[in-house]
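Report on one structure; see the data block that follows.
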Amino acid sequence: MQRMIPTTELVLEQPKVLIIGGDDVHARIELMQGLSRDYNLAAAGTARALSLPFARSGFPYFYYPLRRGVGPFSDVYAMVSLLRLLNQWRPQIVHAFDTKPGVYGCLAARLARVPVVLSTVTGLGSLYGEEGLRPQIVRGVYEQLQRMASQHADRTIFQNRADREEFVGRRIVPADKAALILGSGVATERLHPEHVTAARRRQVRASLGISADALLVSMVSRVIRSKGVEEFIAAAQHVRQRRPGTQFLLVGPADRESVDRFSDRELTEFRRHIHWPGARSDIPQILAASDLFVLPSYLREGIPRILLEAAAMGLPLITTASPGCTDVVEDGINGCLVPPRDPVALARAIVHLVDQPQLRLHFGQASRQRAVERFDLGIVVQQTHKLYNHLLARKAPRMGCTVDRVSLAP
């Protein structure tokens, strides 16, 4: 007779997952909330101030020191700090995001003998947008480290197809260890144009000094060169010469630590040509008050989250024909694609949509549909959950449990 196993014996403690990132690791909170039913999650990041948003969300947060840029001694110290944290918290899964945290998080996790190790390459960033000897050397160092980290990781996840194809083709990441999850996802139910009333749109415009009847072209971004800020401002000048009633809004902070930051003089000059209130916390309302969204970025991002947010809010989109951007915008379907670093082409596309309100409406509806069907947060949560379960099931014998005792529900 088959022995009946007591119910208590089948109950397995939730696997512990440590999310490792940089100073924007709080962008993973919604993903963590979606996974929290079946996993015990915590995060590690490089900004002490992030303890507050994680505490509000009910997740433990650990600080570790890791600087931007090249710094061998500080990088070694960061590795030691991560190794100490991993040995103390003992997660079953480590999921690292971004460039340096992705590399050092994977290497530290393997040294700590974490059973399941993953990293997500959230784009290639300014590292692949700059030319010259120094960027070339830095890229070479990064690729060697990424190659090493990918060999030790169970999976390296890419957020767009072009990045995966490039890294697999150049043998930086083994093909059998490369996965694709499009973007970080957005909560399309929460980000819905119908949630913002007409009165609230008027209030937002009034707070920005923009009239209620002006056609508003918006861009939301960190204010750095590789996001296409200069092209946006140059296009604004071109468009206003031909369509004087068009207003241009740039929302976002000046990133003074970036390698492609602007000087104070340049930043002051920007305000002569566009509305630039700096950072705002009411981005959904800003998007709802806009008629057209533009992101002329040539930064190698995974999939720009703000493009997904603008799509979810039902806006027509103009962006560059760059990896990641082309996953969100299909030219002539939900917006326009223009060449990177081409303000004239950008201005031409803006005028094209300014002059055609029905086309803007059609593109906006298509953007919303695409966001819901392809990029909703629930899709990303489900794909991530499935990958975690698959890798846990493979490692279950080493973890002292059998596959049938690990929940594999989606």
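By order of appearance in the structure tokens: chains A, B, ..., then residues from 1 within every chain, and ligands from 1 in the order shown.
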
Name all residues at most 6 Å from Val117 of chain A (count only C-alpha atoms; drop same-chain ones fewer than 2 positions away) and give them as a short mmCIF file (atom, residue, chain, number, x, y, z; two decimals) with N, CA and C atoms, in the first residue's frame.
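Full text of around.cif as output:
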data_model
loop_
_atom_site.label_atom_id
_atom_site.label_comp_id
_atom_site.auth_asym_id
_atom_site.auth_seq_id
_atom_site.Cartn_x
_atom_site.Cartn_y
_atom_site.Cartn_z
N ILE A 93 17.05 31.96 -5.01
CA ILE A 93 17.13 32.58 -6.33
C ILE A 93 17.73 33.97 -6.19
N VAL A 94 18.67 34.29 -7.06
CA VAL A 94 19.15 35.67 -7.21
C VAL A 94 18.82 36.11 -8.63
N ALA A 153 25.63 32.07 -14.85
CA ALA A 153 24.20 32.25 -14.60
C ALA A 153 23.42 31.11 -15.25
N ASP A 154 22.24 30.81 -14.69
CA ASP A 154 21.36 29.83 -15.31
C ASP A 154 20.65 30.42 -16.52
#

Using only C-alpha atoms, find each residue in segment 97-186 of chain A having at least one atom no more than 10 Å away from segment 310-323 of chain A; report its shortest atom-to-atom pair and that distance in Å (one decimal), rows by chain then rising number, as JSON lines.
{"residue": "A:Gly123", "atom": "CA", "partner": "A:Pro323", "partner_atom": "CA", "distance": 8.6}
{"residue": "A:Leu124", "atom": "CA", "partner": "A:Pro323", "partner_atom": "CA", "distance": 9.7}
{"residue": "A:Gln159", "atom": "CA", "partner": "A:Pro323", "partner_atom": "CA", "distance": 9.7}
{"residue": "A:Asn160", "atom": "CA", "partner": "A:Pro323", "partner_atom": "CA", "distance": 6.9}
{"residue": "A:Arg161", "atom": "CA", "partner": "A:Pro323", "partner_atom": "CA", "distance": 7.9}
{"residue": "A:Ala162", "atom": "CA", "partner": "A:Pro323", "partner_atom": "CA", "distance": 5.9}
{"residue": "A:Asp163", "atom": "CA", "partner": "A:Pro323", "partner_atom": "CA", "distance": 7.3}
{"residue": "A:Val186", "atom": "CA", "partner": "A:Ala312", "partner_atom": "CA", "distance": 7.8}

Open item on the list: Which residues are close to segment 327-342 of chain A, i.e. within 10 Å by only C-alpha atoms, leaving aside same-chain residues fewer than 6 positions away? Reply as a ChimeraX atom specification.
Closed with: /A:159-162,182-183,225-232,234-235,292-294,296-299,302-305,307-308,311,314-321,348-350,352-353,359-371,374-375

Task: Best match for closeness to Arg110 of chain A among A:Leu66, A:His152, A:Arg90, A:Phe97, counting only C-alpha atoms - done: A:His152

- [ ] Skip Leu86 of chain A itself and residues of its chain fewer than 3 positions away, then list as a list in words all residues within 9 Å of it, counting only C-alpha atoms.
- [x] Leu18, Ser81, Leu82, Leu83, Trp89, Arg90, Pro91, Val94, Ala108, Ala109, Ala112 and Val114 of chain A

Open item on the list: As an exercise, work out the distance from atom CA of Pro72 of chain A to atom CA of Ile20 of chain A in Å and give it to one decimal place.
Closed with: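 We find that atom CA of Pro72 of chain A and atom CA of Ile20 of chain A lie 19.3 Å from each other.
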
Open item on the list: Just list as a ChimeraX atom specification whatever in segment 319-376 of chain A DSSP marks as helix (DSSP H, G or I).
Closed with: /A:325-328,343-354,357-374

Since we have the selection now, will you write its residues out, keeping C-alpha atoms, as a short mmCIF file (atom, residue, chain, number, x, y, z; two decimals), in the first residue's frame?
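What landed in selection.cif:
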data_model
loop_
_atom_site.label_atom_id
_atom_site.label_comp_id
_atom_site.auth_asym_id
_atom_site.auth_seq_id
_atom_site.Cartn_x
_atom_site.Cartn_y
_atom_site.Cartn_z
CA CYS A 325 11.99 51.38 -29.29
CA THR A 326 11.02 49.38 -32.37
CA ASP A 327 9.51 46.68 -30.13
CA VAL A 328 6.96 49.25 -28.91
CA PRO A 343 16.03 66.62 -35.55
CA VAL A 344 14.78 67.52 -39.05
CA ALA A 345 13.18 64.09 -39.52
CA LEU A 346 11.79 64.33 -35.99
CA ALA A 347 10.26 67.76 -36.71
CA ARG A 348 8.76 66.43 -39.95
CA ALA A 349 7.10 63.53 -38.10
CA ILE A 350 5.72 65.86 -35.42
CA VAL A 351 4.21 68.21 -38.01
CA HIS A 352 2.73 65.20 -39.81
CA LEU A 353 0.82 64.18 -36.68
CA VAL A 354 0.03 67.73 -35.53
CA PRO A 357 -6.01 64.69 -35.40
CA GLN A 358 -7.80 61.56 -36.65
CA LEU A 359 -4.50 59.81 -37.27
CA ARG A 360 -3.35 60.76 -33.75
CA LEU A 361 -6.53 59.24 -32.36
CA HIS A 362 -6.06 56.04 -34.39
CA PHE A 363 -2.40 55.71 -33.36
CA GLY A 364 -3.29 56.33 -29.70
CA GLN A 365 -5.90 53.56 -29.70
CA ALA A 366 -3.42 51.18 -31.34
CA SER A 367 -0.78 52.10 -28.72
CA ARG A 368 -3.15 51.29 -25.89
CA GLN A 369 -4.12 47.95 -27.43
CA ARG A 370 -0.48 47.01 -28.01
CA ALA A 371 0.46 47.88 -24.40
CA VAL A 372 -2.35 45.72 -23.00
CA GLU A 373 -1.73 42.73 -25.29
CA ARG A 374 2.08 42.65 -25.26
#

- [ ] For segment 32-38 of chain A, list every protein, DNA or RNA residue within 8 Å, evaluated using only C-alpha atoms, and leave out those in the same chain fewer than 3 positions away; present the list as a ChimeraX atom specification.
- [x] /A:14-15,28-29,41,378,381,385

Open item on the list: Can you measure atom CA of Ala289 of chain A to atom CA of Ala254 of chain A for me? One decimal in Å is fine.
Closed with: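 Atom CA of Ala254 of chain A lies 22.4 Å from atom CA of Ala289 of chain A.
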